[in-house]
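> This is entry.cif (mmCIF, C-alpha atoms).
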data_start
#
loop_
_atom_site.group_PDB
_atom_site.id
_atom_site.type_symbol
_atom_site.label_atom_id
_atom_site.label_comp_id
_atom_site.auth_asym_id
_atom_site.auth_seq_id
_atom_site.Cartn_x
_atom_site.Cartn_y
_atom_site.Cartn_z
ATOM 1 C CA MET A 1 0.000 0.000 0.000
ATOM 2 C CA THR A 2 2.767 2.425 0.965
ATOM 3 C CA SER A 3 4.819 1.718 -2.159
ATOM 4 C CA GLY A 4 1.716 2.165 -4.330
ATOM 5 C CA PHE A 5 1.041 5.539 -2.754
ATOM 6 C CA SER A 6 4.698 6.478 -3.174
ATOM 7 C CA ARG A 7 4.542 5.593 -6.898
ATOM 8 C CA LEU A 8 1.435 7.726 -7.336
ATOM 9 C CA ARG A 9 3.067 10.598 -5.476
ATOM 10 C CA ARG A 10 6.155 10.385 -7.707
ATOM 11 C CA GLU A 11 3.971 10.370 -10.829
ATOM 12 C CA ASP A 12 2.119 13.468 -9.586
ATOM 13 C CA LEU A 13 5.402 15.229 -8.820
ATOM 14 C CA LEU A 14 6.833 14.382 -12.254
ATOM 15 C CA LYS A 15 3.665 15.570 -14.004
ATOM 16 C CA THR A 16 3.802 18.850 -12.081
ATOM 17 C CA ALA A 17 7.527 19.211 -12.799
ATOM 18 C CA CYS A 18 6.833 18.832 -16.543
ATOM 19 C CA GLU A 19 4.130 21.499 -16.398
ATOM 20 C CA VAL A 20 6.365 23.973 -14.535
ATOM 21 C CA ILE A 21 9.399 23.306 -16.761
ATOM 22 C CA ALA A 22 7.258 23.702 -19.900
ATOM 23 C CA GLU A 23 6.033 27.053 -18.599
ATOM 24 C CA GLN A 24 9.320 28.445 -17.242
ATOM 25 C CA GLY A 25 12.030 26.492 -19.068
ATOM 26 C CA PHE A 26 14.803 24.304 -17.681
ATOM 27 C CA GLY A 27 17.058 27.268 -17.032
ATOM 28 C CA HIS A 28 14.518 29.294 -15.050
ATOM 29 C CA THR A 29 12.812 26.553 -13.060
ATOM 30 C CA ARG A 30 13.792 26.135 -9.421
ATOM 31 C CA THR A 31 12.930 23.173 -7.248
ATOM 32 C CA ILE A 32 10.975 25.539 -4.985
ATOM 33 C CA ASP A 33 8.766 26.419 -7.979
ATOM 34 C CA ILE A 34 7.937 22.759 -8.540
ATOM 35 C CA ALA A 35 7.408 22.122 -4.828
ATOM 36 C CA ARG A 36 4.988 25.054 -4.555
ATOM 37 C CA ALA A 37 3.070 24.000 -7.668
ATOM 38 C CA ALA A 38 2.791 20.450 -6.291
ATOM 39 C CA GLY A 39 1.849 21.631 -2.802
ATOM 40 C CA VAL A 40 4.770 19.829 -1.139
ATOM 41 C CA SER A 41 8.007 20.764 0.570
ATOM 42 C CA GLN A 42 11.368 20.924 -1.162
ATOM 43 C CA ALA A 43 12.505 18.291 1.306
ATOM 44 C CA LEU A 44 9.967 15.835 -0.136
ATOM 45 C CA LEU A 45 11.181 16.571 -3.663
ATOM 46 C CA PHE A 46 14.770 15.865 -2.677
ATOM 47 C CA TYR A 47 13.662 12.746 -0.777
ATOM 48 C CA HIS A 48 12.260 11.343 -4.038
ATOM 49 C CA PHE A 49 14.804 12.702 -6.541
ATOM 50 C CA GLU A 50 17.974 13.624 -4.567
ATOM 51 C CA THR A 51 19.107 16.446 -6.887
ATOM 52 C CA LYS A 52 17.587 19.064 -9.186
ATOM 53 C CA GLU A 53 19.330 17.502 -12.191
ATOM 54 C CA ARG A 54 17.912 14.076 -11.371
ATOM 55 C CA LEU A 55 14.422 15.547 -10.958
ATOM 56 C CA PHE A 56 14.648 17.290 -14.345
ATOM 57 C CA ALA A 57 15.952 14.165 -16.090
ATOM 58 C CA GLN A 58 13.226 11.994 -14.564
ATOM 59 C CA ALA A 59 10.542 14.547 -15.423
ATOM 60 C CA PHE A 60 11.646 14.470 -19.054
ATOM 61 C CA THR A 61 11.787 10.659 -18.914
ATOM 62 C CA TYR A 62 8.206 10.666 -17.610
ATOM 63 C CA ALA A 63 7.044 12.903 -20.481
ATOM 64 C CA ALA A 64 8.997 10.763 -22.956
ATOM 65 C CA ARG A 65 7.362 7.597 -21.635
ATOM 66 C CA LEU A 66 3.876 9.048 -22.170
ATOM 67 C CA HIS A 67 4.806 10.027 -25.717
ATOM 68 C CA MET A 68 6.348 6.634 -26.484
ATOM 69 C CA ASN A 69 3.232 4.898 -25.125
ATOM 70 C CA ALA A 70 1.199 6.915 -27.643
ATOM 71 C CA LEU A 71 3.589 5.811 -30.409
ATOM 72 C CA ASP A 72 3.212 2.190 -29.277
ATOM 73 C CA ASP A 73 -0.576 2.516 -29.554
ATOM 74 C CA ILE A 74 -0.230 3.686 -33.165
ATOM 75 C CA GLU A 75 2.225 0.891 -33.947
ATOM 76 C CA ARG A 76 -0.158 -1.751 -32.546
ATOM 77 C CA SER A 77 -3.181 -0.286 -34.327
ATOM 78 C CA THR A 78 -4.903 -2.411 -36.961
ATOM 79 C CA SER A 79 -5.939 0.699 -38.920
ATOM 80 C CA THR A 80 -4.809 1.251 -42.499
ATOM 81 C CA PRO A 81 -1.396 2.870 -43.100
ATOM 82 C CA ARG A 82 -3.130 6.100 -44.168
ATOM 83 C CA GLU A 83 -5.204 6.185 -40.963
ATOM 84 C CA ARG A 84 -2.136 5.489 -38.821
ATOM 85 C CA LEU A 85 -0.235 8.223 -40.654
ATOM 86 C CA VAL A 86 -3.019 10.739 -39.975
ATOM 87 C CA THR A 87 -2.974 9.759 -36.277
ATOM 88 C CA LEU A 88 0.823 10.092 -36.110
ATOM 89 C CA LEU A 89 0.818 13.489 -37.838
ATOM 90 C CA ARG A 90 -1.908 14.676 -35.453
ATOM 91 C CA LEU A 91 0.106 13.459 -32.433
ATOM 92 C CA HIS A 92 3.160 15.426 -33.592
ATOM 93 C CA SER A 93 1.309 18.440 -34.951
ATOM 94 C CA PRO A 94 2.898 21.728 -33.856
ATOM 95 C CA ALA A 95 -0.392 23.393 -34.794
ATOM 96 C CA ILE A 96 -2.000 21.977 -31.653
ATOM 97 C CA PRO A 97 -0.965 24.196 -28.711
ATOM 98 C CA THR A 98 0.485 21.912 -26.042
ATOM 99 C CA GLU A 99 2.930 22.300 -23.195
ATOM 100 C CA GLY A 100 4.619 19.207 -24.606
ATOM 101 C CA TRP A 101 6.213 21.058 -27.516
ATOM 102 C CA ARG A 102 7.584 23.776 -25.196
ATOM 103 C CA LEU A 103 9.125 21.042 -23.065
ATOM 104 C CA TRP A 104 10.663 19.235 -26.077
ATOM 105 C CA ILE A 105 12.085 22.410 -27.610
ATOM 106 C CA ASP A 106 13.662 23.461 -24.324
ATOM 107 C CA ALA A 107 14.967 19.927 -23.761
ATOM 108 C CA TRP A 108 16.679 19.936 -27.176
ATOM 109 C CA GLY A 109 18.664 22.981 -26.104
ATOM 110 C CA GLU A 110 19.571 21.370 -22.785
ATOM 111 C CA ALA A 111 20.438 18.080 -24.523
ATOM 112 C CA MET A 112 23.477 19.728 -26.138
ATOM 113 C CA ARG A 113 24.982 19.931 -22.647
ATOM 114 C CA ASN A 114 23.231 17.072 -20.815
ATOM 115 C CA PRO A 115 24.027 13.528 -22.049
ATOM 116 C CA GLU A 116 21.043 12.018 -20.223
ATOM 117 C CA LEU A 117 18.576 14.383 -21.904
ATOM 118 C CA GLU A 118 20.324 13.874 -25.250
ATOM 119 C CA GLU A 119 19.897 10.094 -24.979
ATOM 120 C CA ILE A 120 16.205 10.366 -24.064
ATOM 121 C CA SER A 121 15.366 12.887 -26.799
ATOM 122 C CA ARG A 122 17.277 10.842 -29.384
ATOM 123 C CA ARG A 123 15.348 7.719 -28.361
ATOM 124 C CA ILE A 124 12.006 9.518 -28.802
ATOM 125 C CA ASP A 125 13.030 10.935 -32.187
ATOM 126 C CA THR A 126 14.252 7.542 -33.370
ATOM 127 C CA GLN A 127 11.103 5.697 -32.303
ATOM 128 C CA GLY A 128 8.845 8.237 -33.986
ATOM 129 C CA ARG A 129 10.866 8.307 -37.196
ATOM 130 C CA LEU A 130 11.096 4.507 -37.438
ATOM 131 C CA LEU A 131 7.361 4.232 -36.870
ATOM 132 C CA LEU A 132 6.715 6.755 -39.641
ATOM 133 C CA ARG A 133 9.031 4.838 -41.965
ATOM 134 C CA ALA A 134 7.244 1.558 -41.161
ATOM 135 C CA ILE A 135 3.847 3.161 -41.845
ATOM 136 C CA ILE A 136 5.091 4.503 -45.190
ATOM 137 C CA GLU A 137 6.563 1.110 -46.120
ATOM 138 C CA ALA A 138 3.276 -0.619 -45.234
ATOM 139 C CA GLY A 139 1.387 1.945 -47.298
ATOM 140 C CA VAL A 140 3.670 1.388 -50.291
ATOM 141 C CA GLU A 141 3.263 -2.373 -49.961
ATOM 142 C CA CYS A 142 -0.538 -2.227 -49.962
ATOM 143 C CA GLY A 143 -0.704 0.445 -52.678
ATOM 144 C CA GLU A 144 -1.903 3.377 -50.537
ATOM 145 C CA PHE A 145 1.352 5.335 -50.969
ATOM 146 C CA ASP A 146 3.859 5.819 -53.760
ATOM 147 C CA CYS A 147 7.255 6.534 -52.193
ATOM 148 C CA ARG A 148 10.661 5.372 -53.420
ATOM 149 C CA ASP A 149 12.562 6.368 -50.274
ATOM 150 C CA PRO A 150 10.518 5.779 -47.082
ATOM 151 C CA ASP A 151 13.531 6.416 -44.828
ATOM 152 C CA GLY A 152 14.354 9.733 -46.497
ATOM 153 C CA ALA A 153 10.687 10.736 -46.460
ATOM 154 C CA ALA A 154 10.470 10.012 -42.728
ATOM 155 C CA TRP A 155 13.570 12.124 -42.041
ATOM 156 C CA ARG A 156 12.302 15.020 -44.149
ATOM 157 C CA LEU A 157 8.801 15.019 -42.645
ATOM 158 C CA PHE A 158 10.041 14.883 -39.056
ATOM 159 C CA ALA A 159 12.586 17.634 -39.734
ATOM 160 C CA LEU A 160 9.797 19.757 -41.217
ATOM 161 C CA ILE A 161 7.509 19.130 -38.233
ATOM 162 C CA ASP A 162 10.292 19.962 -35.757
ATOM 163 C CA GLY A 163 11.110 23.142 -37.657
ATOM 164 C CA PHE A 164 7.483 24.268 -37.686
ATOM 165 C CA ALA A 165 7.220 23.463 -33.972
ATOM 166 C CA ILE A 166 10.074 25.863 -33.249
ATOM 167 C CA GLN A 167 8.583 28.548 -35.496
ATOM 168 C CA THR A 168 5.081 28.322 -34.000
ATOM 169 C CA HIS A 169 6.332 28.419 -30.405
ATOM 170 C CA VAL A 170 9.211 30.887 -30.728
ATOM 171 C CA HIS A 171 7.562 33.095 -33.393
ATOM 172 C CA PRO A 172 3.827 32.453 -32.863
ATOM 173 C CA LYS A 173 2.756 35.305 -35.164
ATOM 174 C CA ALA A 174 4.841 34.160 -38.140
ATOM 175 C CA LEU A 175 2.386 31.491 -39.299
ATOM 176 C CA SER A 176 -1.159 30.600 -38.377
ATOM 177 C CA ARG A 177 -1.653 27.142 -36.916
ATOM 178 C CA ARG A 178 -4.034 26.346 -39.770
ATOM 179 C CA ARG A 179 -1.328 27.240 -42.320
ATOM 180 C CA VAL A 180 1.155 24.996 -40.516
ATOM 181 C CA ASN A 181 -1.258 22.065 -40.745
ATOM 182 C CA VAL A 182 -1.816 22.693 -44.458
ATOM 183 C CA LEU A 183 1.922 22.869 -45.181
ATOM 184 C CA ILE A 184 2.632 19.626 -43.296
ATOM 185 C CA ARG A 185 -0.222 17.802 -45.038
ATOM 186 C CA GLU A 186 0.957 19.054 -48.432
ATOM 187 C CA ALA A 187 4.538 17.958 -47.732
ATOM 188 C CA ALA A 188 3.377 14.509 -46.585
ATOM 189 C CA ALA A 189 1.141 14.194 -49.641
ATOM 190 C CA ASN A 190 4.037 15.101 -51.963
ATOM 191 C CA GLU A 191 6.320 12.569 -50.271
ATOM 192 C CA LEU A 192 3.730 9.791 -50.465
ATOM 193 C CA GLY A 193 2.090 10.465 -53.811
ATOM 194 C CA VAL A 194 -1.405 11.073 -52.449
ATOM 195 C CA SER A 195 -3.853 13.967 -52.410
ATOM 196 C CA PRO A 196 -3.519 16.327 -49.395
ATOM 197 C CA GLU A 197 -7.275 15.942 -48.834
ATOM 198 C CA LYS A 198 -6.660 12.292 -47.921
ATOM 199 C CA LEU A 199 -4.462 13.361 -45.019
#
Before we go any further, please render this structure as C-alpha cells.

Amino acid sequence: MTSGFSRLRREDLLKTACEVIAEQGFGHTRTIDIARAAGVSQALLFYHFETKERLFAQAFTYAARLHMNALDDIERSTSTPRERLVTLLRLHSPAIPTEGWRLWIDAWGEAMRNPELEEISRRIDTQGRLLLRAIIEAGVECGEFDCRDPDGAAWRLFALIDGFAIQTHVHPKALSRRRVNVLIREAAANELGVSPEKL
C-alpha cells in the first residue's frame, strides 16, 4: 500500500515538474517552484529525486514515456497505413498548442549539454521516425502510398515538423496554426504520392 502511494506521489510530482518546466524552461525553473506548484516541501522533492538535475531528467523521462506509449498505440493499431499516418501526424502536430512542444524544444537545447537528456530525446526521435518509416513502407506495400525512399521521407517530414514546432512556439505570429497544418499535409502528400485531402 505504501509503495503504491509512493509511486502515485512520484507520478504526480513528475507531471507537475513537466508542467512547470514547460512554462518556465529548464534554465529558469527552481525546485521551490515545482514544490509550490505540487503543494509539497522541497525536502519531499529531494527525498524522491535527490538532486535538481535528477528531478529534471526523470521529469523528461516521464514525459517521454507518455509520448512513447502513444507511439506504441499507433504501432499496434490495426488501422490502415493512411489512418495510422493521420494519427501520427496529429500526435506530432505543432499546430496543436500543447505544453509538450515547449518542453521538447527546451529539452533539445539542454540536450546539447546534458548527455542524459540527449539520450532520451534521441530515443524519442528515433522511435517516432522509425514508426513513420514503417507506416510509409506498409502503405507502399498495400498500394496506398507511392514513395521510393521511405527512410528519407520520414527524415524530411520529421525535420519539417520539428522546424514548424520551433517557429510556431518561438515566433507564434509568423504562421497561423491552420497554415502549418496545411503545409505539413501538403509535404506529406508530396512525399507519399497522395492527395492532401486524404491526409
> Which residue out of A:His92, A:Arg76, A:Arg113, A:Arg178 has the minimum interatomic distance to Arg129 of chain A when only C-alpha atoms are used?
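Under the stated criterion, the closest residue is A:His92.
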> For the file shown, report as JSON, numbers by chain the outcome of the PyMOL selection byres ((chain A and resi 183) around 12) at residue level.
{"A": [89, 93, 94, 95, 157, 160, 161, 163, 164, 175, 176, 177, 178, 179, 180, 181, 182, 184, 185, 186, 187, 188, 189, 190, 196, 199]}
> Enter the distance from atom CA of Asp72 of chain A to atom CA of Ile166 of chain A, in Å, rounded to one decimal.
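Straight-line distance from atom CA of Asp72 of chain A to atom CA of Ile166 of chain A works out to 25.0 Å.
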> To one decimal in Å, tell me the separation between atom CA of Arg123 of chain A and atom CA of Ala57 of chain A.
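Atom CA of Ala57 of chain A lies at a distance of 13.9 Å from atom CA of Arg123 of chain A.
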> I'd like the interatomic distance between atom CA of Gly27 of chain A and atom CA of Gly109 of chain A, to a tenth of an Å.
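Separation between atom CA of Gly27 of chain A and atom CA of Gly109 of chain A: 10.2 Å.
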> May I have the protein, DNA and RNA residues with an atom at most 9 Å from (13.9, 5.5, -44.7), counting only C-alpha atoms in the file's coordinates, returned as a list of chain:residue names?
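All residues meeting the 9 Å criterion around (13.9, 5.5, -44.7) are A:Arg129, A:Leu130, A:Leu132, A:Arg133, A:Ala134, A:Ile136, A:Glu137, A:Asp149, A:Pro150, A:Asp151, A:Gly152, A:Ala153, A:Ala154, A:Trp155.
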> Could the residues in this selection be written to a file with C-alpha atoms, as a PDB file, keeping the file's coordinate frame?

ATOM      1  CA  ARG A 129      10.866   8.307 -37.196  1.00  0.00           C
ATOM      2  CA  LEU A 130      11.096   4.507 -37.438  1.00  0.00           C
ATOM      3  CA  LEU A 132       6.715   6.755 -39.641  1.00  0.00           C
ATOM      4  CA  ARG A 133       9.031   4.838 -41.965  1.00  0.00           C
ATOM      5  CA  ALA A 134       7.244   1.558 -41.161  1.00  0.00           C
ATOM      6  CA  ILE A 136       5.091   4.503 -45.190  1.00  0.00           C
ATOM      7  CA  GLU A 137       6.563   1.110 -46.120  1.00  0.00           C
ATOM      8  CA  ASP A 149      12.562   6.368 -50.274  1.00  0.00           C
ATOM      9  CA  PRO A 150      10.518   5.779 -47.082  1.00  0.00           C
ATOM     10  CA  ASP A 151      13.531   6.416 -44.828  1.00  0.00           C
ATOM     11  CA  GLY A 152      14.354   9.733 -46.497  1.00  0.00           C
ATOM     12  CA  ALA A 153      10.687  10.736 -46.460  1.00  0.00           C
ATOM     13  CA  ALA A 154      10.470  10.012 -42.728  1.00  0.00           C
ATOM     14  CA  TRP A 155      13.570  12.124 -42.041  1.00  0.00           C
TER      15      TRP A 155
END
> What would the selection look like, as an MDAnalysis selection string, if the PyMOL selection byres ((chain A and resi 101) around 12) were run on the coordinates I just shared?
chainID A and resid 18:19 21:23 25 63:64 67 91:100 102:108 161:170
> Which residue gives the smallest distance to Arg9 of chain A among A:Arg156, A:Leu45, A:Arg90, A:Asp33, with only C-alpha atoms counted?
A:Leu45
> Which is closer to Tyr62 of chain A than all the others in A:Asp146, A:Asn114, A:Asp12, A:Ala174, using all atoms listed in the file?
A:Asp12
> Skipping near chain neighbours, those fewer than 6 positions away, what residues fall within 10 Å of Leu131 of chain A using all atoms listed in the file, listed as a PyMOL selection string?
chain A and resi 71-72+74-75+84-85+88+125+137+154
> Hey, which of A:Ile120, A:Phe26, A:Ala138, A:Thr31 ends up closest to Thr51 of chain A? Count all atoms listed in the file.
A:Thr31
> For Leu55 of chain A, work out the shell of residues within 12 Å, counting only C-alpha atoms and skipping chain neighbours fewer than 5 positions away, then give it as a PyMOL selection string.
chain A and resi 10-11+13-18+21+26+29-31+34-35+42+44-50+60-62+116-117
> Starting from the incomplete input, reconstruct N, CA, C and O atoms of segment 36-47 of chain A and write that as a PDB file, in the coordinates of the input.

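What ended up in out-v9.pdb:
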ATOM      1  N   ARG A  36       6.171  24.213  -4.799  1.00  0.00           N
ATOM      2  CA  ARG A  36       4.988  25.054  -4.555  1.00  0.00           C
ATOM      3  C   ARG A  36       3.825  24.645  -5.454  1.00  0.00           C
ATOM      4  O   ARG A  36       2.680  24.556  -5.007  1.00  0.00           O
ATOM      5  N   ALA A  37       4.123  24.391  -6.737  1.00  0.00           N
ATOM      6  CA  ALA A  37       3.070  24.000  -7.668  1.00  0.00           C
ATOM      7  C   ALA A  37       2.451  22.653  -7.272  1.00  0.00           C
ATOM      8  O   ALA A  37       1.262  22.428  -7.480  1.00  0.00           O
ATOM      9  N   ALA A  38       3.270  21.773  -6.693  1.00  0.00           N
ATOM     10  CA  ALA A  38       2.791  20.450  -6.291  1.00  0.00           C
ATOM     11  C   ALA A  38       2.182  20.452  -4.889  1.00  0.00           C
ATOM     12  O   ALA A  38       1.579  19.464  -4.480  1.00  0.00           O
ATOM     13  N   GLY A  39       2.371  21.560  -4.164  1.00  0.00           N
ATOM     14  CA  GLY A  39       1.849  21.631  -2.802  1.00  0.00           C
ATOM     15  C   GLY A  39       2.607  20.758  -1.823  1.00  0.00           C
ATOM     16  O   GLY A  39       2.033  20.197  -0.885  1.00  0.00           O
ATOM     17  N   VAL A  40       3.934  20.634  -2.040  1.00  0.00           N
ATOM     18  CA  VAL A  40       4.770  19.829  -1.139  1.00  0.00           C
ATOM     19  C   VAL A  40       5.994  20.646  -0.744  1.00  0.00           C
ATOM     20  O   VAL A  40       6.228  21.741  -1.263  1.00  0.00           O
ATOM     21  N   SER A  41       6.780  20.093   0.144  1.00  0.00           N
ATOM     22  CA  SER A  41       8.007  20.764   0.570  1.00  0.00           C
ATOM     23  C   SER A  41       9.157  20.396  -0.367  1.00  0.00           C
ATOM     24  O   SER A  41       9.117  19.358  -1.033  1.00  0.00           O
ATOM     25  N   GLN A  42      10.171  21.261  -0.393  1.00  0.00           N
ATOM     26  CA  GLN A  42      11.368  20.924  -1.162  1.00  0.00           C
ATOM     27  C   GLN A  42      12.012  19.662  -0.618  1.00  0.00           C
ATOM     28  O   GLN A  42      12.569  18.860  -1.375  1.00  0.00           O
ATOM     29  N   ALA A  43      11.912  19.471   0.679  1.00  0.00           N
ATOM     30  CA  ALA A  43      12.505  18.291   1.306  1.00  0.00           C
ATOM     31  C   ALA A  43      11.912  17.008   0.713  1.00  0.00           C
ATOM     32  O   ALA A  43      12.638  16.033   0.468  1.00  0.00           O
ATOM     33  N   LEU A  44      10.597  17.017   0.458  1.00  0.00           N
ATOM     34  CA  LEU A  44       9.967  15.835  -0.136  1.00  0.00           C
ATOM     35  C   LEU A  44      10.467  15.618  -1.557  1.00  0.00           C
ATOM     36  O   LEU A  44      10.709  14.478  -1.977  1.00  0.00           O
ATOM     37  N   LEU A  45      10.640  16.707  -2.313  1.00  0.00           N
ATOM     38  CA  LEU A  45      11.181  16.571  -3.663  1.00  0.00           C
ATOM     39  C   LEU A  45      12.556  15.913  -3.626  1.00  0.00           C
ATOM     40  O   LEU A  45      12.837  14.988  -4.380  1.00  0.00           O
ATOM     41  N   PHE A  46      13.415  16.405  -2.747  1.00  0.00           N
ATOM     42  CA  PHE A  46      14.770  15.865  -2.677  1.00  0.00           C
ATOM     43  C   PHE A  46      14.784  14.448  -2.100  1.00  0.00           C
ATOM     44  O   PHE A  46      15.680  13.664  -2.400  1.00  0.00           O
ATOM     45  N   TYR A  47      13.784  14.115  -1.280  1.00  0.00           N
ATOM     46  CA  TYR A  47      13.662  12.746  -0.777  1.00  0.00           C
ATOM     47  C   TYR A  47      13.439  11.791  -1.944  1.00  0.00           C
ATOM     48  O   TYR A  47      14.017  10.701  -2.005  1.00  0.00           O
TER      49      TYR A  47
END
